[in-house]
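Structure record follows, encoded as structure tokens.
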Amino acid sequence: MTLNTSQPTQRTPLLWQVVPVGAFALIGMLAISSMYLLGAIRAYVQGESLWSKAHTTAVAQLQAHVATGDPADLQGFESALTVQAGDQRAREALNTRPVRWQVARQGFTAGGLDEGDITAMMVLYHLFSDTWLFQPSLRAWNQGDTLIAELRLLAERSKRLTIEQRNGPAGQALSREVASVDRQLLVEERTFLAHLTRAAHATEWLLQVLVFGAVLLISVTYVLTYRRVHARQLSQGLQLRREQQRWDMAVAFAGLGRFDLDIGAQRYHLDAKAAQLLGWGSEAIILTREEIRTHIHPDDQDDARAQMDQAIAQGVFRLVRYRITSPDGDVRSIEVAGRMDRDERQGAHILGIVRDVTVEQMQAQVTIQRDTAQRTAAAQRSFLSRLSHELRTPLNAILGFAQLLDMDHGGKPLSPTQHQQVGWILQSGQQLLGLVDEVLDLSKIESGQVPLHPQEVDVSPLLRACLPTVESMRERQHLSLRDELPAQALQAWADPQRLQQVFINLLSNACKYNRPGGAIQVRATEDADHLFIEVADTGHGLSSEDIPHLFQPFNRVGRFTKDIEGSGLGLYIARQLMTRMGGDITAQGLPGVGSCFTIQLRKHAPRQAAEHPSEPVVAASTLA
């Protein structure tokens, strides 16, 4: 039941094997390279020796030919220069781009060099011919080839000498020239050999430094790598311990119990929490499957056993829920989940967790009940909407016929009593029609079917345009109206039609709930972001207990409302509309003094509306 902490320690031995192997491989490559380069330098020294012998032989043969004119001596001279010609051909082939490797090999072979050394000589020349190590030797080599060319010219002159010239001053002068070239060749040979020896020593010293540096670098790298791996191992161990602690804290906080089912022995190893959840006390315990089954609710025993058997057979342990009965008779629902773990030494086990889901199931039941209530409310709204539509047709007919009765002057005039009765029909029908309209508005708002088109509007003209609507109500109550709106424009962000609907509702309420001979006051204030419109009256006022219930549907607060017509939907609808326009309505009042309703409006469009000005805002359901 603990986290596996062996993974980092499995990687460490592998790293300890790779680093030494890599170190030995690098040192071995440097050693092989050292021997390869030194062998190539040794081959060049051997080639210089062959070249020197050939040069000595060629000079001796040329001097003999100058003295005697014997063709055999000239043939010996040409034969001796074969070594020099092969070496020169090889050098020229190596200097070309691309390198003519085969020609260079043939040239070194003609120079008498061992076939096994030629490859190393070509590689050495190709890699280091432009470096300071070999440039002096190469210059001596080039100069030697130039002097050999001079010897060939002297040989041509010797071929043209007569016998008298050979024995005379001309022969002696030619012999001195051959001796001079011979001395120069000896100088170049010594120069070539001396610089080549220094290059060999420098190369040997450099390779020793490289080998030592490689050993030192590998040693330092190995030490640093070991320290890093060790530090990482400690860090990972600490991290694993922290993860174990977090896991333990999460398990404890979530109320999870842990278990280990030994499939071979059919025994459960329960920790303290799992034992507590299953009703076996508060200490860790080992139980058989049969002992566990005694605590499973009788109605769930068969299903729980079948699912567990299937999990063991298939090696996949899925989520299992069943009820258990505690010793005190309390029934709880638990959820069990786990995974199969197979080990060659310990056998097959199921490692898992168990948790109490009683509260979760109760919450799910509450959610189902809430969803049912929401669907019921939606059905009620649909019913009210259809009922309102169905009521409008007969109501319009009743109002129409009542108006015809009241206006029909072609027949016998109505008596005062009949005229009053027709007026009652008209008044009751209009009240009922107003209630139907409010119910329609309510159902549309709560179902999200009221489209709003907010825009930048001047509130003052909209408000003043609503005043004639309540003029008759105001005159019946003998109310005075104080319009204290400022002369300048009052800009706000709102739907003009719906805002007027809110204004009319507040003005109507200010008339209906006012005292006879009272007053209505309309004023405005603003700050940087909002505009506030206040509609105050001098009616009976509101108490602090009334205000929390003021904006609830079908709720008419106050003891003076029973004789005043109304459905209790107007303020609820008004607040819903203001909320969807980004505003609000609040109320204040004092009993016996009056009430004040404040409309809060945004002065500017919100960012989303400014980015998409053509998109209407649809009123969302209040139950969403």
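By order in the structure tokens, chains are A, B, ...; within a chain, residues start at 1; ligands start at 1, following the order shown.
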
Which residues are near A:Gly589? Cut-off 6 Å, only C-alpha atoms, ignore same chain within fewer than 5 positions. Put them as a PDB file with C-alpha atoms, in the first residue's frame.
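Saved file result-v3.pdb follows:
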ATOM      1  CA  GLY A 541     -43.910  53.367   3.076  1.00  0.00           C
ATOM      2  CA  LEU A 542     -42.128  50.051   3.515  1.00  0.00           C
ATOM      3  CA  GLY A 594     -42.963  56.963   1.842  1.00  0.00           C
ATOM      4  CA  SER A 595     -40.881  54.774  -0.469  1.00  0.00           C
TER       5      SER A 595
END

Quiz item: Quick one, how far is atom CA of A:Val320 from atom CA of A:Arg355?
Solution: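 Straight-line distance from atom CA of A:Val320 to atom CA of A:Arg355 works out to 10.8 Å.
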
Practice problem: Would you list, as JSON, numbers by chain, the residues of stretch 178-375 of chain A that end up in helix (DSSP H, G or I) under DSSP run on this structure's backbone? | Solution: {"A": [178, 179, 180, 181, 182, 183, 184, 185, 186, 187, 188, 189, 190, 191, 192, 193, 194, 195, 196, 197, 198, 199, 200, 201, 202, 203, 204, 205, 206, 207, 208, 209, 210, 211, 212, 213, 214, 215, 216, 217, 218, 219, 220, 221, 222, 223, 224, 225, 226, 227, 228, 229, 230, 231, 232, 233, 234, 235, 236, 237, 238, 239, 240, 241, 242, 243, 244, 245, 246, 247, 248, 249, 250, 251, 252, 253, 254, 272, 273, 274, 275, 276, 277, 289, 290, 291, 292, 293, 298, 299, 300, 301, 302, 303, 304, 305, 306, 307, 308, 309, 310, 311, 312, 313, 314, 358, 359, 360, 361, 362, 363, 364, 365, 366, 367, 368, 369, 370, 371, 372, 373, 374, 375]}

Self-check item: Residue nearest A:Leu38 - candidates A:Arg575, A:His201, A:Arg100, A:Arg160, atoms counted: only C-alpha atoms
Solution: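 For A:Leu38, the nearest of the given residues is A:His201.
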
Practice problem: Select, from A:Asn142, A:Arg91, A:Leu463, A:Leu485, the residue with the minimum atom-to-atom distance to A:Gln106, counting only C-alpha atoms. | Solution: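 Of A:Asn142, A:Arg91, A:Leu463, A:Leu485, the one nearest A:Gln106, counting only C-alpha atoms, is A:Arg91.
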
Quiz item: Which one of A:Leu490, A:Arg602, A:Asp70, A:Ile547 sits closest to A:Arg166 if you count only C-alpha atoms?
Solution: A:Asp70

Self-check item: Exercise: A:Asn514 partners within 12 Å, only C-alpha atoms, chain neighbours under 3 positions left out, as a ChimeraX atom specification
Solution: /A:473-474,476-481,506-511,517-521,536-542,560-561,564,592-596

Saved selection, atoms kept: C-alpha atoms, as a PDB file, in the first residue's frame:
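Just written: part14.pdb:
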ATOM      1  CA  MET A 473     -54.152  57.501 -12.185  1.00  0.00           C
ATOM      2  CA  ARG A 474     -52.335  60.560 -10.877  1.00  0.00           C
ATOM      3  CA  ARG A 476     -57.708  60.352  -9.555  1.00  0.00           C
ATOM      4  CA  GLN A 477     -55.417  60.487  -6.532  1.00  0.00           C
ATOM      5  CA  HIS A 478     -54.832  64.246  -6.883  1.00  0.00           C
ATOM      6  CA  LEU A 479     -51.065  63.631  -6.871  1.00  0.00           C
ATOM      7  CA  SER A 480     -48.459  66.218  -7.760  1.00  0.00           C
ATOM      8  CA  LEU A 481     -45.439  65.273  -9.905  1.00  0.00           C
ATOM      9  CA  LEU A 506     -42.563  52.180 -10.916  1.00  0.00           C
ATOM     10  CA  LEU A 507     -44.678  55.232 -11.767  1.00  0.00           C
ATOM     11  CA  SER A 508     -47.859  53.147 -11.571  1.00  0.00           C
ATOM     12  CA  ASN A 509     -46.857  51.797  -8.157  1.00  0.00           C
ATOM     13  CA  ALA A 510     -46.024  55.332  -6.998  1.00  0.00           C
ATOM     14  CA  CYS A 511     -49.574  56.357  -7.926  1.00  0.00           C
ATOM     15  CA  GLY A 517     -53.079  64.461  -2.458  1.00  0.00           C
ATOM     16  CA  GLY A 518     -49.520  63.162  -2.122  1.00  0.00           C
ATOM     17  CA  ALA A 519     -46.525  63.698  -4.375  1.00  0.00           C
ATOM     18  CA  ILE A 520     -44.291  61.780  -6.763  1.00  0.00           C
ATOM     19  CA  GLN A 521     -40.669  62.852  -7.202  1.00  0.00           C
ATOM     20  CA  ALA A 536     -40.088  58.456  -4.709  1.00  0.00           C
ATOM     21  CA  ASP A 537     -43.609  58.669  -3.311  1.00  0.00           C
ATOM     22  CA  THR A 538     -45.239  59.895  -0.102  1.00  0.00           C
ATOM     23  CA  GLY A 539     -47.340  56.793   0.505  1.00  0.00           C
ATOM     24  CA  HIS A 540     -47.566  54.454   3.451  1.00  0.00           C
ATOM     25  CA  GLY A 541     -43.910  53.367   3.076  1.00  0.00           C
ATOM     26  CA  LEU A 542     -42.128  50.051   3.515  1.00  0.00           C
ATOM     27  CA  PHE A 560     -52.417  48.409   2.566  1.00  0.00           C
ATOM     28  CA  THR A 561     -52.365  46.273  -0.581  1.00  0.00           C
ATOM     29  CA  ILE A 564     -55.262  47.927  -4.467  1.00  0.00           C
ATOM     30  CA  GLY A 592     -45.740  56.314   7.211  1.00  0.00           C
ATOM     31  CA  VAL A 593     -43.227  58.457   5.302  1.00  0.00           C
ATOM     32  CA  GLY A 594     -42.963  56.963   1.842  1.00  0.00           C
ATOM     33  CA  SER A 595     -40.881  54.774  -0.469  1.00  0.00           C
ATOM     34  CA  CYS A 596     -38.062  55.361  -2.945  1.00  0.00           C
TER      35      CYS A 596
END
